[in-house]
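Colleague: What follows is protein_39.cif, made up of mmCIF, C-alpha atoms:
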```cif
data_structure
loop_
_atom_site.label_atom_id
_atom_site.label_comp_id
_atom_site.auth_asym_id
_atom_site.auth_seq_id
_atom_site.Cartn_x
_atom_site.Cartn_y
_atom_site.Cartn_z
CA MET A 1029 42.85 8.11 -30.99
CA GLU A 1030 42.27 4.89 -29.06
CA PHE A 1031 43.65 2.86 -31.97
CA GLU A 1032 46.75 5.03 -32.16
CA ARG A 1033 47.39 4.53 -28.45
CA ILE A 1034 47.01 0.76 -28.72
CA TYR A 1035 48.97 0.69 -31.99
CA THR A 1036 51.86 2.52 -30.31
CA GLY A 1037 51.81 0.01 -27.45
CA TRP A 1038 51.83 -2.87 -29.92
CA ARG A 1039 54.80 -1.39 -31.82
CA ALA A 1040 56.63 -1.01 -28.50
CA LYS A 1041 55.78 -4.66 -27.79
CA THR A 1042 53.76 -3.68 -24.74
CA PHE A 1043 50.81 -5.59 -26.18
CA THR A 1044 50.56 -8.64 -28.37
CA GLN A 1045 48.15 -8.51 -31.32
CA GLU A 1046 45.72 -10.67 -29.38
CA GLN A 1047 45.82 -8.36 -26.35
CA ALA A 1048 45.49 -5.23 -28.49
CA ALA A 1049 42.49 -6.69 -30.32
CA ARG A 1050 40.83 -7.60 -27.02
CA ILE A 1051 41.28 -4.04 -25.71
CA LEU A 1052 39.70 -2.59 -28.86
CA GLY A 1053 36.92 -5.17 -28.76
CA VAL A 1054 37.68 -6.63 -32.18
CA SER A 1055 39.09 -9.88 -33.53
CA ASP A 1056 42.78 -10.49 -34.25
CA ARG A 1057 42.04 -10.43 -37.98
CA THR A 1058 40.29 -7.06 -37.76
CA PHE A 1059 43.20 -5.59 -35.80
CA ARG A 1060 45.64 -6.72 -38.51
CA ARG A 1061 43.40 -5.14 -41.14
CA TYR A 1062 43.44 -1.90 -39.16
CA ILE A 1063 47.27 -2.02 -39.12
CA ASN A 1064 47.42 -2.32 -42.92
CA GLN A 1065 44.88 0.47 -43.47
CA TYR A 1066 46.71 2.72 -41.01
CA ALA A 1067 50.05 2.05 -42.72
CA ASP A 1068 48.60 2.87 -46.18
CA GLU A 1069 46.32 5.85 -45.45
CA GLY A 1070 47.00 6.97 -41.90
CA ILE A 1071 44.17 7.58 -39.46
CA GLU A 1072 41.81 8.53 -42.33
CA GLY A 1073 41.99 4.95 -43.55
CA LEU A 1074 40.15 3.77 -40.46
CA TYR A 1075 37.10 5.99 -40.98
CA ASP A 1076 33.90 4.16 -41.91
CA LYS A 1077 33.30 5.41 -45.45
CA ARG A 1078 29.72 4.18 -45.36
CA LEU A 1079 28.88 7.20 -43.21
CA THR A 1080 29.68 9.64 -46.02
CA GLN A 1081 28.43 7.66 -49.03
CA ALA A 1082 24.86 7.16 -50.10
CA SER A 1083 23.69 3.62 -50.79
CA ARG A 1084 23.66 2.64 -54.46
CA ARG A 1085 20.26 1.03 -53.88
CA ARG A 1086 18.76 4.20 -52.46
CA ALA A 1087 15.70 5.33 -54.41
CA PRO A 1088 15.89 8.69 -56.20
CA LEU A 1089 14.08 11.51 -54.44
CA ASP A 1090 11.75 11.99 -57.44
CA GLU A 1091 10.56 8.40 -57.19
CA VAL A 1092 9.86 8.76 -53.47
CA LEU A 1093 7.84 11.93 -54.11
CA ASP A 1094 5.91 10.28 -56.95
CA VAL A 1095 4.87 7.33 -54.77
CA CYS A 1096 3.84 9.61 -51.89
CA ASN A 1097 1.84 11.90 -54.18
CA LEU A 1098 0.16 8.90 -55.83
CA TYR A 1099 -0.96 7.55 -52.48
CA ARG A 1100 -1.99 10.97 -51.14
CA GLU A 1101 -4.02 12.01 -54.19
CA ARG A 1102 -5.70 8.77 -55.28
CA TYR A 1103 -5.37 6.01 -52.66
CA SER A 1104 -5.34 7.74 -49.27
CA ASP A 1105 -8.16 5.51 -47.98
CA PHE A 1106 -6.32 2.29 -48.98
CA ASN A 1107 -4.28 0.32 -46.50
CA VAL A 1108 -0.64 -0.35 -47.42
CA LYS A 1109 -1.14 -3.86 -48.77
CA HIS A 1110 -4.13 -2.81 -50.88
CA PHE A 1111 -2.23 0.17 -52.26
CA TYR A 1112 0.81 -2.03 -53.01
CA ARG A 1113 -1.28 -4.32 -55.22
CA TRP A 1114 -2.59 -1.38 -57.23
CA TYR A 1115 0.91 0.14 -57.37
CA GLN A 1116 2.17 -3.08 -58.97
CA ARG A 1117 -0.76 -3.80 -61.24
CA GLU A 1118 -1.93 -0.37 -62.43
CA HIS A 1119 1.31 1.64 -62.21
CA GLU A 1120 3.89 -1.09 -62.95
CA GLY A 1121 5.76 -0.35 -59.72
CA GLN A 1122 8.99 -2.23 -59.14
CA ARG A 1123 9.63 -1.52 -55.47
CA SER A 1124 9.03 -4.11 -52.73
CA TYR A 1125 6.14 -4.08 -50.31
CA THR A 1126 8.50 -3.31 -47.39
CA TRP A 1127 9.95 -0.31 -49.24
CA ILE A 1128 6.44 1.04 -49.93
CA LYS A 1129 5.35 0.53 -46.33
CA ASP A 1130 8.47 2.14 -44.84
CA THR A 1131 8.30 5.08 -47.23
CA LEU A 1132 4.65 5.86 -46.47
CA GLN A 1133 5.21 5.46 -42.74
CA ASN A 1134 8.32 7.67 -42.72
CA LYS A 1135 6.40 10.41 -44.55
CA GLY A 1136 3.55 10.17 -42.05
CA LEU A 1137 0.97 9.07 -44.64
CA VAL A 1138 0.07 5.84 -42.79
CA GLN A 1139 0.30 4.95 -39.13
CA LYS A 1140 2.54 2.20 -37.83
CA GLY A 1141 0.52 -0.76 -36.64
CA CYS A 1142 0.68 -2.09 -33.10
CA LYS A 1143 3.12 -4.89 -32.45
CA LYS A 1144 1.45 -8.25 -32.53
CA GLY A 1145 1.33 -10.18 -29.29
CA THR A 1146 3.90 -12.86 -28.73
CA HIS A 1147 2.93 -16.46 -29.19
CA ARG A 1148 2.21 -17.86 -25.76
CA LYS A 1149 2.77 -21.43 -24.68
CA LYS A 1150 1.04 -23.23 -21.88
CA ARG A 1151 3.23 -23.17 -18.81
CA GLU A 1152 4.10 -26.61 -17.55
CA ARG A 1153 3.40 -27.49 -13.94
CA SER A 1154 6.21 -27.43 -11.42
CA PRO A 1155 7.83 -30.87 -11.19
CA TYR A 1156 7.79 -31.14 -7.38
CA THR A 1157 5.35 -30.24 -4.64
CA GLY A 1158 6.44 -27.19 -2.69
CA MET A 1159 8.34 -25.72 -5.62
CA MET A 1160 5.71 -23.06 -6.40
CA ILE A 1161 2.67 -21.95 -4.43
CA HIS A 1162 -0.20 -19.96 -5.94
CA GLN A 1163 -2.33 -17.53 -3.98
CA ASP A 1164 -5.31 -15.61 -5.28
CA GLY A 1165 -8.60 -14.14 -4.14
CA SER A 1166 -12.09 -13.99 -5.64
CA THR A 1167 -14.83 -11.52 -4.71
CA HIS A 1168 -18.26 -13.09 -5.15
CA GLU A 1169 -21.73 -13.32 -3.62
CA TRP A 1170 -20.96 -16.59 -1.87
CA VAL A 1171 -24.07 -16.36 0.31
CA PRO A 1172 -27.18 -14.27 -0.41
CA ASN A 1173 -26.61 -10.50 -0.27
CA LYS A 1174 -23.05 -10.80 1.06
CA MET A 1175 -19.89 -10.14 -0.97
CA TRP A 1176 -16.92 -11.94 0.54
CA ASP A 1177 -13.39 -12.61 -0.69
CA LEU A 1178 -12.33 -16.24 -0.95
CA ILE A 1179 -8.55 -16.63 -0.46
CA VAL A 1180 -7.01 -19.81 -1.85
CA THR A 1181 -3.40 -20.95 -1.49
CA MET A 1182 -2.55 -24.03 -3.57
CA ASP A 1183 0.35 -26.04 -4.99
CA ASP A 1184 1.30 -25.49 -8.63
CA ALA A 1185 2.41 -29.10 -9.12
CA THR A 1186 -0.72 -30.84 -7.89
CA ASN A 1187 -3.53 -28.25 -7.56
CA GLU A 1188 -3.86 -29.29 -3.92
CA HIS A 1189 -5.51 -26.58 -1.82
CA TYR A 1190 -3.48 -26.05 1.34
CA SER A 1191 -5.47 -23.08 2.64
CA MET A 1192 -8.92 -21.75 1.84
CA PHE A 1193 -11.06 -19.26 3.78
CA PHE A 1194 -13.38 -16.26 3.51
CA VAL A 1195 -12.51 -12.70 4.55
CA ASP A 1196 -14.34 -9.40 4.21
CA GLU A 1197 -11.56 -7.96 2.04
CA GLU A 1198 -8.36 -9.42 0.60
CA GLY A 1199 -5.18 -7.80 1.88
CA THR A 1200 -1.89 -8.25 3.70
CA ALA A 1201 -3.42 -10.04 6.70
CA SER A 1202 -5.27 -12.61 4.56
CA SER A 1203 -2.12 -13.26 2.49
CA PHE A 1204 -0.08 -13.84 5.65
CA LYS A 1205 -2.74 -16.19 7.01
CA GLY A 1206 -2.76 -18.33 3.86
CA VAL A 1207 1.03 -18.65 3.83
CA HIS A 1208 1.12 -19.32 7.58
CA GLU A 1209 -1.27 -22.27 7.20
CA VAL A 1210 0.95 -23.76 4.49
CA ILE A 1211 4.23 -23.38 6.42
CA GLU A 1212 2.71 -24.57 9.68
CA ILE A 1213 1.69 -27.93 8.18
CA HIS A 1214 4.06 -28.52 5.24
CA GLY A 1215 7.07 -26.24 5.76
CA LEU A 1216 8.83 -23.60 3.65
CA PHE A 1217 8.27 -23.60 -0.11
CA SER A 1218 10.54 -22.30 -2.88
CA SER A 1219 8.52 -19.65 -4.72
CA PHE A 1220 5.28 -17.72 -4.45
CA TYR A 1221 3.15 -16.83 -7.50
CA SER A 1222 0.47 -14.13 -7.35
CA ASP A 1223 -1.14 -11.23 -9.16
CA ARG A 1224 0.21 -7.68 -8.77
CA GLY A 1225 -2.12 -6.68 -5.95
CA SER A 1226 -0.89 -3.73 -3.90
CA HIS A 1227 -0.43 -5.90 -0.80
CA TYR A 1228 1.98 -8.12 -2.77
CA TRP A 1229 3.88 -5.57 -4.87
CA TYR A 1230 4.57 -1.89 -5.38
CA THR A 1231 3.84 -1.08 -9.03
CA PRO A 1232 5.19 2.41 -9.93
CA LYS A 1233 3.14 2.64 -13.14
CA ALA A 1234 -0.36 1.19 -13.36
CA GLY A 1235 -0.26 -1.96 -15.46
CA GLY A 1236 3.54 -1.87 -15.63
CA LYS A 1237 6.40 -3.81 -14.13
CA VAL A 1238 6.51 -4.35 -10.38
CA ASP A 1239 9.24 -2.83 -8.21
CA LYS A 1240 11.33 -5.71 -6.86
CA ILE A 1241 13.52 -3.40 -4.77
CA ARG A 1242 10.90 -1.53 -2.78
CA LEU A 1243 9.09 -4.27 -0.85
CA THR A 1244 5.65 -4.37 0.71
CA GLN A 1245 5.14 -5.84 4.16
CA PHE A 1246 4.36 -9.17 2.50
CA GLY A 1247 7.39 -8.92 0.22
CA ARG A 1248 9.61 -8.18 3.21
CA ALA A 1249 8.39 -11.33 4.96
CA MET A 1250 8.96 -13.51 1.88
CA ALA A 1251 12.48 -12.10 1.48
CA HIS A 1252 13.16 -12.86 5.16
CA LEU A 1253 12.12 -16.49 4.58
CA GLY A 1254 14.11 -16.76 1.35
CA ILE A 1255 10.99 -17.36 -0.78
CA GLU A 1256 11.11 -16.01 -4.33
CA MET A 1257 8.08 -13.95 -5.37
CA ILE A 1258 6.90 -14.18 -8.99
CA PRO A 1259 4.34 -11.67 -10.37
CA ALA A 1260 1.70 -12.57 -12.97
CA TYR A 1261 1.17 -9.98 -15.72
CA SER A 1262 -2.12 -11.17 -17.21
CA PRO A 1263 -5.28 -13.12 -16.25
CA GLU A 1264 -4.17 -15.79 -18.72
CA ALA A 1265 -0.99 -16.29 -16.69
CA ARG A 1266 -3.21 -17.21 -13.75
CA GLY A 1267 -5.40 -19.48 -15.84
CA ARG A 1268 -5.41 -22.33 -13.33
CA SER A 1269 -6.51 -20.02 -10.53
CA GLU A 1270 -9.22 -18.50 -12.72
CA ARG A 1271 -10.62 -21.92 -13.69
CA MET A 1272 -10.42 -23.04 -10.08
CA PHE A 1273 -12.48 -20.08 -8.88
CA SER A 1274 -15.05 -20.76 -11.60
CA THR A 1275 -15.50 -24.23 -10.08
CA HIS A 1276 -15.73 -22.84 -6.54
CA GLN A 1277 -18.28 -20.20 -7.53
CA ASP A 1278 -20.47 -22.95 -8.93
CA ARG A 1279 -20.04 -25.66 -6.30
CA LEU A 1280 -19.30 -23.85 -3.05
CA VAL A 1281 -22.24 -21.45 -3.39
CA LYS A 1282 -24.63 -24.39 -3.83
CA GLU A 1283 -23.14 -26.38 -0.96
CA LEU A 1284 -23.33 -23.45 1.46
CA ALA A 1285 -26.94 -22.85 0.47
CA LEU A 1286 -27.73 -26.53 0.89
CA ALA A 1287 -26.19 -26.49 4.37
CA GLY A 1288 -28.11 -23.31 5.23
CA ILE A 1289 -24.91 -21.39 6.05
CA ILE A 1290 -24.91 -17.58 5.85
CA ASP A 1291 -22.37 -16.78 8.60
CA MET A 1292 -18.69 -16.36 7.66
CA GLU A 1293 -17.33 -18.24 10.69
CA LYS A 1294 -19.52 -21.26 9.96
CA ALA A 1295 -18.70 -21.03 6.26
CA ASN A 1296 -14.97 -21.16 6.99
CA GLN A 1297 -15.50 -24.15 9.28
CA TYR A 1298 -17.47 -25.91 6.52
CA ILE A 1299 -14.68 -25.21 4.00
CA LYS A 1300 -11.97 -26.55 6.31
CA GLU A 1301 -13.79 -29.68 7.46
CA ILE A 1302 -15.86 -30.70 4.43
CA TYR A 1303 -15.48 -28.71 1.21
CA MET A 1304 -11.66 -28.46 0.85
CA PRO A 1305 -10.98 -32.16 1.66
CA ASN A 1306 -13.64 -33.23 -0.85
CA PHE A 1307 -12.31 -30.83 -3.48
CA ASN A 1308 -8.75 -32.12 -3.05
CA ASP A 1309 -9.91 -35.73 -3.27
CA GLU A 1310 -11.50 -35.01 -6.63
CA PHE A 1311 -9.16 -32.51 -8.28
CA VAL A 1312 -5.64 -33.11 -6.95
CA LYS A 1313 -3.28 -34.47 -9.61
CA PRO A 1314 -0.05 -36.35 -9.03
CA ALA A 1315 3.08 -34.20 -9.33
CA PRO A 1316 5.18 -34.77 -12.48
CA GLU A 1317 8.05 -35.98 -10.28
CA LYS A 1318 8.03 -37.89 -7.01
CA GLY A 1319 9.33 -36.07 -3.98
CA SER A 1320 8.87 -32.73 -2.28
CA VAL A 1321 10.95 -29.60 -1.83
CA PHE A 1322 9.14 -28.42 1.29
CA VAL A 1323 11.62 -27.65 4.10
CA PRO A 1324 10.41 -27.99 7.70
CA TRP A 1325 10.38 -24.67 9.59
CA VAL A 1326 12.55 -24.83 12.72
CA GLY A 1327 13.38 -21.17 13.25
CA GLU A 1328 11.76 -18.47 15.35
CA ASN A 1329 8.01 -18.20 15.79
CA ILE A 1330 6.73 -17.93 12.21
CA LYS A 1331 3.96 -15.63 13.45
CA ASP A 1332 6.55 -12.96 14.22
CA ILE A 1333 7.71 -12.98 10.58
CA LEU A 1334 4.34 -13.24 8.83
CA CYS A 1335 3.04 -9.98 10.21
CA GLU A 1336 3.30 -6.26 9.54
CA GLN A 1337 6.40 -4.70 11.12
CA TYR A 1338 7.01 -1.06 12.01
CA LYS A 1339 9.92 0.78 13.65
CA ARG A 1340 9.23 3.26 16.43
CA THR A 1341 11.19 5.22 19.07
CA VAL A 1342 10.11 4.96 22.70
CA ASN A 1343 8.82 8.18 24.30
CA ASN A 1344 10.01 9.66 27.60
CA ASP A 1345 7.23 7.86 29.50
CA ASN A 1346 8.25 4.43 28.13
CA CYS A 1347 5.23 4.48 25.82
CA ILE A 1348 5.05 4.04 22.07
CA SER A 1349 2.58 5.88 19.86
CA PHE A 1350 1.16 3.56 17.24
CA LYS A 1351 -1.96 3.95 15.09
CA GLY A 1352 -3.62 6.27 17.61
CA LEU A 1353 -2.80 3.99 20.55
CA SER A 1354 -0.31 4.40 23.41
CA LEU A 1355 1.51 1.13 24.13
CA GLN A 1356 3.04 1.08 27.60
CA ILE A 1357 6.28 -0.94 27.95
CA PRO A 1358 6.32 -2.70 31.34
CA ALA A 1359 9.39 -2.57 33.61
CA ASP A 1360 11.81 -5.49 33.43
CA GLN A 1361 15.06 -6.64 35.03
CA TYR A 1362 17.29 -5.98 32.05
CA ARG A 1363 17.02 -2.20 31.66
CA CYS A 1364 16.05 0.71 33.86
CA HIS A 1365 14.02 2.14 30.98
CA TYR A 1366 13.65 2.06 27.19
CA VAL A 1367 13.42 5.83 26.63
CA LYS A 1368 14.64 6.78 23.10
CA ALA A 1369 15.29 3.12 22.29
CA SER A 1370 14.47 1.96 18.78
CA VAL A 1371 11.93 -0.88 18.90
CA ARG A 1372 9.89 -2.90 16.44
CA ILE A 1373 6.13 -3.30 16.54
CA ASN A 1374 4.57 -6.44 15.12
CA LEU A 1375 0.96 -6.05 13.99
CA TYR A 1376 -0.63 -9.49 13.67
CA GLY A 1377 -3.51 -10.53 11.46
CA ASP A 1378 -6.02 -10.60 14.32
CA GLY A 1379 -5.18 -6.99 15.24
CA SER A 1380 -3.08 -7.82 18.31
CA MET A 1381 0.40 -6.31 18.67
CA ALA A 1382 3.81 -6.95 20.19
CA VAL A 1383 6.80 -4.74 20.96
CA LEU A 1384 10.29 -6.15 20.37
CA HIS A 1385 13.70 -4.76 21.28
CA GLY A 1386 16.25 -6.61 19.22
CA PRO A 1387 15.42 -10.33 19.54
CA ARG A 1388 13.43 -9.87 22.79
CA LYS A 1389 9.68 -9.55 22.89
CA LEU A 1390 8.95 -6.99 25.60
CA ALA A 1391 5.16 -7.16 25.67
CA THR A 1392 2.02 -8.09 23.75
CA TYR A 1393 -1.20 -6.10 23.44
CA ASP A 1394 -4.78 -6.62 22.35
CA THR A 1395 -6.45 -4.69 19.51
CA LYS A 1396 -7.13 -1.74 21.85
CA GLY A 1397 -3.54 -1.49 23.12
CA ASN A 1398 -4.18 -3.14 26.50
CA LEU A 1399 -1.19 -5.04 27.87
CA LEU A 1400 -1.71 -8.80 27.67
CA LYS A 1401 1.53 -10.18 28.96
CA SER A 1402 3.89 -8.61 31.48
CA LYS A 1403 5.79 -11.66 32.69
CA LYS A 1404 9.23 -12.82 31.67
CA ILE A 1405 10.78 -11.27 28.59
CA GLN A 1406 10.65 -13.70 25.67
CA ALA A 1407 12.90 -14.27 22.70
CA ALA A 1408 10.96 -13.62 19.50
#
```
Spit out the file's structure as structure tokens when you get a sec.
Modeller:
Amino acid sequence: MEFERIYTGWRAKTFTQEQAARILGVSDRTFRRYINQYADEGIEGLYDKRLTQASRRRAPLDEVLDVCNLYRERYSDFNVKHFYRWYQREHEGQRSYTWIKDTLQNKGLVQKGCKKGTHRKKRERSPYTGMMIHQDGSTHEWVPNKMWDLIVTMDDATNEHYSMFFVDEEGTASSFKGVHEVIEIHGLFSSFYSDRGSHYWYTPKAGGKVDKIRLTQFGRAMAHLGIEMIPAYSPEARGRSERMFSTHQDRLVKELALAGIIDMEKANQYIKEIYMPNFNDEFVKPAPEKGSVFVPWVGENIKDILCEQYKRTVNNDNCISFKGLSLQIPADQYRCHYVKASVRINLYGDGSMAVLHGPRKLATYDTKGNLLKSKKIQAA
């Protein structure tokens, strides 16, 4: 029917042959062949006759049944390749190995094998510093009888460690802290590479693809900064991070023990002042290309982006209910009140909070919800 409509338009010179062929999604030559077939046989001449004709190479049904019965009755414990050799040698079979395999699989006599894994190639390092940043965590007994998480943020091009510290448990706050330390000193980077931890990504199906539309708090912050997030789908994909942590678990444990350190605060101070500089001196490699793609940060306070953000509506008493706390908004000169106003709450890594109305920061609070600052309204 579509051809007849286009054919009529071509006869009326509404379309050229080239235009008609493009509408039908075929070449000019195919369209001319359709014209000849239509002129000779009508619309029936355009039907694909392969759909109603059996292939001349199709095996007779009796032969298919004979092969299936032979396998079922005498060789059911053979794999396909083993059976094929006997089929050729003992029964003078003439069919190909692929035909035998497909026939037995289609009849349900053998199971289809799992697809072999793709051949993987070693991923080359990024050419410039700041092009890709890795972040990963490792849970280990870094000091006797204490399991801490070591969070490392490093450059893909050089292996340089930009941030390294211990926390009780890896999560959104530790990820923000690592990125903050990189941006504060070096500037914005291009992309961020990590595993599929729940603080980085939402993964609808365990072990499956990440959801790049529904963002976590960390994903929202990276999108705000224009940093591309890249998920790793296997431990092998994070091979450099895995080898790096193997080195840290060997060296750092011994150095902390030698220094007699068992406190997390002192351990983090040791890492920052002694261990990380020494590690970088020994293991940093030159980038494949000279130059850097880091961009200095000159925008708003980066702390107000690298934090958890929540929307709330102000109650009738100018208070906001948040995580079991009541945050009182102080009076200011710009509004009589903020009742029913939509505000944003920033929850920082140290547990402190701030309330913002649009671009203005109205107040900051400690971890218990006590007002810390009630002076002049600030721009976030």
Colleague: Given the choices A:Gln1297, A:Gln1356, A:Asn1343, A:Ser1166, which gets closest to Leu1284 in chain A if the distance is worked out from only C-alpha atoms?
Modeller: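 The answer is A:Gln1297, which sits nearest to Leu1284 in chain A.
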Colleague: Rank nothing, just name the residue among A:Asp1332, A:Asp1239, A:Glu1188, A:Asp1105 nearest to Asn1306 in chain A, using all atoms listed in the file.
Modeller: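 Answer, going by the shortest atom-to-atom distance: A:Glu1188.
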Colleague: Given only C-alpha atoms as the basis, pick out the residue of A:Asn1187, A:Gln1139, A:Ser1370, A:Ser1124 nearest to Ser1104 in chain A.
Modeller: A:Gln1139
Colleague: Find the residue from A:Lys1143, A:His1365, A:Arg1268, A:His1214 that sits nearest to Val1323 in chain A; use all atoms listed in the file when measuring.
Modeller: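 Using all atoms listed in the file, Val1323 in chain A sits closest to A:His1214.
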Colleague: Carefully work through the PyMOL selection byres ((chain A and resi 1255) around 7) for this structure and note down the residues it includes, as a PyMOL selection string.
Modeller: chain A and resi 1217-1220+1250-1251+1253-1254+1256-1257
Colleague: Please identify every residue of range 1339-1371 of chain A that has at least one atom no farther than 8 Å from an atom of range 1379-1395 of chain A, counting all atoms listed in the file, and for each give the shortest atom pair and the distance in Å to one decimal, arranged by chain then increasing number, as CSV.
Modeller:
```
residue,atom,partner,partner_atom,distance
A:Leu1355,CA,A:Tyr1393,CA,7.8
A:Ile1357,CA,A:Ala1391,CA,6.7
A:Pro1358,CA,A:Ala1391,CA,7.3
A:Ser1370,CA,A:His1385,CA,7.2
A:Val1371,CA,A:His1385,CA,4.9
```
Colleague: Here's a test: counting all atoms listed in the file, identify every protein, DNA and RNA residue with an atom at most 12 Å from (-18.1, -18.4, 5.4) in the file's coordinate frame, and state them as JSON, numbers by chain.
Modeller: {"A": [1168, 1169, 1170, 1171, 1172, 1174, 1175, 1176, 1177, 1178, 1179, 1192, 1193, 1194, 1195, 1196, 1280, 1281, 1283, 1284, 1285, 1287, 1288, 1289, 1290, 1291, 1292, 1293, 1294, 1295, 1296, 1297, 1298, 1299, 1300, 1303]}
Colleague: Kindly indicate which residue among A:Gly1352, A:Pro1088, A:Gly1141, A:Gly1397 lies nearest to Val1108 in chain A, using all atoms listed in the file for the distances.
Modeller: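 For Val1108 in chain A, the nearest of the given residues is A:Gly1141.
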Colleague: When you draw a straight line from CA of Ile1161 in chain A to CA of Val1321 in chain A, how long is it in Å?
Modeller: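 The value is 11.6 Å.
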Colleague: With the file shown as input, list the residues that the PyMOL selection byres ((chain A and resi 1162) around 7) selects, as number ranges by chain.
Modeller: A: 1160-1161, 1163-1164, 1181-1184, 1220-1222
Colleague: Expressed in Å to a single decimal, how great is the separation between CA of Ser1202 in chain A and CA of Gly1225 in chain A?
Modeller: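 The value is 12.5 Å.
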Colleague: Pick the closest to Arg1271 in chain A from A:Gly1158, A:Leu1052, A:Arg1340, A:Phe1311: which is it, counting all atoms listed in the file?
Modeller: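 Between A:Gly1158, A:Leu1052, A:Arg1340, A:Phe1311, the residue approaching Arg1271 in chain A most closely is A:Phe1311.
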Colleague: Using Å and a single decimal, report how far CA of His1119 in chain A sits from CA of Gln1133 in chain A.
Modeller: 20.2 Å
Colleague: Would you mind listing what lies within 8 Å of Thr1186 in chain A as a count of residues only, with only C-alpha atoms counted and same-chain residues fewer than 5 positions away left out?
Modeller: 5
Colleague: Quick one: everything within 9 Å of Lys1331 in chain A, counting only C-alpha atoms, minus sequence neighbours fewer than 6 positions away in the same chain. Send it as a list in words.
Modeller: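 Neighbouring residues, sequence-local ones excluded: Phe1204, His1208 and Tyr1376 of chain A.
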Colleague: Output the residue selection produced by the PyMOL selection byres ((chain A and resi 1237) around 12) on the file above, formatted as a PDB file with C-alpha atoms, in the frame of the given file.
Modeller:
```pdb
ATOM      1  CA  ASP A1223      -1.140 -11.230  -9.160  1.00  0.00           C
ATOM      2  CA  ARG A1224       0.210  -7.680  -8.770  1.00  0.00           C
ATOM      3  CA  TRP A1229       3.880  -5.570  -4.870  1.00  0.00           C
ATOM      4  CA  TYR A1230       4.570  -1.890  -5.380  1.00  0.00           C
ATOM      5  CA  THR A1231       3.840  -1.080  -9.030  1.00  0.00           C
ATOM      6  CA  PRO A1232       5.190   2.410  -9.930  1.00  0.00           C
ATOM      7  CA  LYS A1233       3.140   2.640 -13.140  1.00  0.00           C
ATOM      8  CA  ALA A1234      -0.360   1.190 -13.360  1.00  0.00           C
ATOM      9  CA  GLY A1235      -0.260  -1.960 -15.460  1.00  0.00           C
ATOM     10  CA  GLY A1236       3.540  -1.870 -15.630  1.00  0.00           C
ATOM     11  CA  VAL A1238       6.510  -4.350 -10.380  1.00  0.00           C
ATOM     12  CA  ASP A1239       9.240  -2.830  -8.210  1.00  0.00           C
ATOM     13  CA  LYS A1240      11.330  -5.710  -6.860  1.00  0.00           C
ATOM     14  CA  ILE A1241      13.520  -3.400  -4.770  1.00  0.00           C
ATOM     15  CA  ILE A1258       6.900 -14.180  -8.990  1.00  0.00           C
ATOM     16  CA  PRO A1259       4.340 -11.670 -10.370  1.00  0.00           C
ATOM     17  CA  ALA A1260       1.700 -12.570 -12.970  1.00  0.00           C
ATOM     18  CA  TYR A1261       1.170  -9.980 -15.720  1.00  0.00           C
ATOM     19  CA  SER A1262      -2.120 -11.170 -17.210  1.00  0.00           C
TER      20      SER A1262
END
```
Colleague: Return as lines of an AutoDock Vina configuration file the centre and edge lengths, in Å with one decimal, of the box along x, y and z that encloses every atom of range 1325-1331 of chain A in the file, padded by 4 Å per side.
Modeller:
```
center_x = 8.7
center_y = -20.2
center_z = 12.7
size_x = 17.4
size_y = 17.2
size_z = 14.2
```
Colleague: For Gly1136 in chain A, list every protein, DNA or RNA residue within 12 Å, evaluated using all atoms listed in the file, and leave out those in the same chain fewer than 4 positions away; present the list as a ChimeraX atom specification.
Modeller: /A:1096,1099-1100,1104,1129-1132,1140
